[in-house]
Amino acid sequence: MPKPEQNVEEIRYTFYYFVHPKYQLSRKAPDFYTDTRIRIVSECLIFRSTFKIVKPLKKLFSWLINLHVSLQQYYEENLCYLIPCHGIEIVFTPDRKEESSY
């Protein structure tokens, strides 16, 4: 779970330090810290609530935000403090092709 002073965007982009630059999002992260490479298969922001009234609204909001990476980036930049997400689900695999090119 992120610390209150960290936003989702900072944590999400941490994974991109291990992604080859040609597979990164428009905002690039440095890739010179390690030769280990991964390929991100999917990213999903998770919104949950224990309140019965809010639960369907958060489920709908989650579906909307996770439709496209651009919507996730918009959320991270403009809405993350208004509607905080519960977590981030990132699925990745080793990127063996790019490892051998270093």
# chains A, B, ... in the order shown; residues from 1 in each chain; ligands from 1
$ residues_around --residues "range 52-59 of chain A" --least-positions-apart "5" --cutoff "10 Å" --atoms "only C-alpha atoms" --output "PDB file with C-alpha atoms, in the first residue's frame"
ATOM      1  CA  ILE A  46      -7.854  -1.489  -8.205  1.00  0.00           C
ATOM      2  CA  PHE A  47     -10.650   0.416  -6.462  1.00  0.00           C
ATOM      3  CA  LEU A  64     -13.710   3.034 -16.801  1.00  0.00           C
ATOM      4  CA  ILE A  83     -10.616   9.031  -5.422  1.00  0.00           C
ATOM      5  CA  CYS A  85      -7.166   3.546  -5.423  1.00  0.00           C
TER       6      CYS A  85
END
$ atom_distance --atom1 "CA of Tyr23 in chain A" --atom2 "CA of Ile40 in chain A"
8.4 Å
$ residues_around --residues "Ile65 in chain A" --least-positions-apart "4" --cutoff "9 Å" --atoms "only C-alpha atoms" --output "number ranges by chain"
A: 44-45, 60-61, 69-75
$ write_last_selection --atoms "C-alpha atoms" --output "compact mmCIF listing (two decimals), in the first residue's frame"
# COMPACT_ATOMS: atom_id res chain seq x y z
CA CYS A 44 -4.81 -2.46 -13.53
CA LEU A 45 -5.67 0.12 -10.87
CA LEU A 60 -17.73 1.06 -12.44
CA PHE A 61 -15.00 3.68 -11.93
CA VAL A 69 -3.48 3.50 -20.40
CA SER A 70 -4.26 7.15 -21.20
CA LEU A 71 -7.20 7.08 -18.79
CA GLN A 72 -4.96 5.58 -16.10
CA GLN A 73 -2.41 8.34 -16.65
CA TYR A 74 -5.15 10.98 -16.49
CA TYR A 75 -6.38 9.46 -13.21
$ atom_distance --atom1 "CA of Glu43 in chain A" --atom2 "CA of Asn78 in chain A"
18.3 Å
$ closest_residue --among "A:Ser42, A:Ser49, A:Ala29, A:Trp63" --to "Ile88 in chain A" --atoms "only C-alpha atoms"
A:Ser42
$ atom_distance --atom1 "CA of Pro84 in chain A" --atom2 "CA of Leu67 in chain A"
17.6 Å
$ select_by_dssp --residues "range 7-67 of chain A" --states "alpha helix (DSSP H)" --output "PDB file with N, CA and C atoms, in the first residue's frame"
ATOM      1  N   VAL A   8       0.055   7.180  -6.759  1.00  0.00           N
ATOM      2  CA  VAL A   8       0.061   5.939  -7.523  1.00  0.00           C
ATOM      3  C   VAL A   8       1.056   6.025  -8.677  1.00  0.00           C
ATOM      4  N   GLU A   9       1.144   7.193  -9.289  1.00  0.00           N
ATOM      5  CA  GLU A   9       2.014   7.361 -10.452  1.00  0.00           C
ATOM      6  C   GLU A   9       3.467   7.033 -10.120  1.00  0.00           C
ATOM      7  N   GLU A  10       3.966   7.500  -8.969  1.00  0.00           N
ATOM      8  CA  GLU A  10       5.354   7.243  -8.592  1.00  0.00           C
ATOM      9  C   GLU A  10       5.616   5.756  -8.423  1.00  0.00           C
ATOM     10  N   ILE A  11       4.693   5.056  -7.818  1.00  0.00           N
ATOM     11  CA  ILE A  11       4.873   3.626  -7.577  1.00  0.00           C
ATOM     12  C   ILE A  11       4.767   2.846  -8.883  1.00  0.00           C
ATOM     13  N   ARG A  12       3.807   3.208  -9.712  1.00  0.00           N
ATOM     14  CA  ARG A  12       3.608   2.513 -10.980  1.00  0.00           C
ATOM     15  C   ARG A  12       4.826   2.636 -11.880  1.00  0.00           C
ATOM     16  N   TYR A  13       5.413   3.809 -11.948  1.00  0.00           N
ATOM     17  CA  TYR A  13       6.549   4.017 -12.835  1.00  0.00           C
ATOM     18  C   TYR A  13       7.820   3.342 -12.319  1.00  0.00           C
ATOM     19  N   THR A  14       7.847   2.917 -11.078  1.00  0.00           N
ATOM     20  CA  THR A  14       8.999   2.194 -10.551  1.00  0.00           C
ATOM     21  C   THR A  14       9.265   0.938 -11.371  1.00  0.00           C
ATOM     22  N   VAL A  54     -21.130   2.284  -2.031  1.00  0.00           N
ATOM     23  CA  VAL A  54     -19.977   2.794  -2.786  1.00  0.00           C
ATOM     24  C   VAL A  54     -19.345   1.701  -3.657  1.00  0.00           C
ATOM     25  N   LYS A  55     -19.482   0.447  -3.243  1.00  0.00           N
ATOM     26  CA  LYS A  55     -18.826  -0.665  -3.954  1.00  0.00           C
ATOM     27  C   LYS A  55     -19.155  -0.712  -5.452  1.00  0.00           C
ATOM     28  N   PRO A  56     -20.422  -0.639  -5.876  1.00  0.00           N
ATOM     29  CA  PRO A  56     -20.703  -0.670  -7.319  1.00  0.00           C
ATOM     30  C   PRO A  56     -20.160   0.558  -8.057  1.00  0.00           C
ATOM     31  N   LEU A  57     -20.153   1.703  -7.394  1.00  0.00           N
ATOM     32  CA  LEU A  57     -19.612   2.907  -8.019  1.00  0.00           C
ATOM     33  C   LEU A  57     -18.109   2.780  -8.259  1.00  0.00           C
ATOM     34  N   LYS A  58     -17.417   2.236  -7.285  1.00  0.00           N
ATOM     35  CA  LYS A  58     -15.974   2.042  -7.458  1.00  0.00           C
ATOM     36  C   LYS A  58     -15.676   0.973  -8.501  1.00  0.00           C
ATOM     37  N   LYS A  59     -16.530  -0.040  -8.584  1.00  0.00           N
ATOM     38  CA  LYS A  59     -16.349  -1.069  -9.603  1.00  0.00           C
ATOM     39  C   LYS A  59     -16.521  -0.465 -11.001  1.00  0.00           C
ATOM     40  N   LEU A  60     -17.505   0.380 -11.172  1.00  0.00           N
ATOM     41  CA  LEU A  60     -17.729   1.065 -12.441  1.00  0.00           C
ATOM     42  C   LEU A  60     -16.567   2.018 -12.750  1.00  0.00           C
ATOM     43  N   PHE A  61     -16.119   2.762 -11.754  1.00  0.00           N
ATOM     44  CA  PHE A  61     -14.999   3.680 -11.933  1.00  0.00           C
ATOM     45  C   PHE A  61     -13.734   2.910 -12.311  1.00  0.00           C
ATOM     46  N   SER A  62     -13.515   1.777 -11.669  1.00  0.00           N
ATOM     47  CA  SER A  62     -12.361   0.923 -11.978  1.00  0.00           C
ATOM     48  C   SER A  62     -12.412   0.447 -13.424  1.00  0.00           C
ATOM     49  N   TRP A  63     -13.566   0.010 -13.865  1.00  0.00           N
ATOM     50  CA  TRP A  63     -13.731  -0.447 -15.250  1.00  0.00           C
ATOM     51  C   TRP A  63     -13.419   0.692 -16.218  1.00  0.00           C
ATOM     52  N   LEU A  64     -13.922   1.882 -15.928  1.00  0.00           N
ATOM     53  CA  LEU A  64     -13.710   3.034 -16.801  1.00  0.00           C
ATOM     54  C   LEU A  64     -12.234   3.430 -16.871  1.00  0.00           C
ATOM     55  N   ILE A  65     -11.591   3.557 -15.739  1.00  0.00           N
ATOM     56  CA  ILE A  65     -10.192   3.990 -15.688  1.00  0.00           C
ATOM     57  C   ILE A  65      -9.272   2.972 -16.345  1.00  0.00           C
TER      58      ILE A  65
END
$ residues_around --residues "Arg96 in chain A" --least-positions-apart "6" --cutoff "10 Å" --atoms "only C-alpha atoms" --output "list in words"
Thr36, Arg37, Ile38 and Arg39 of chain A
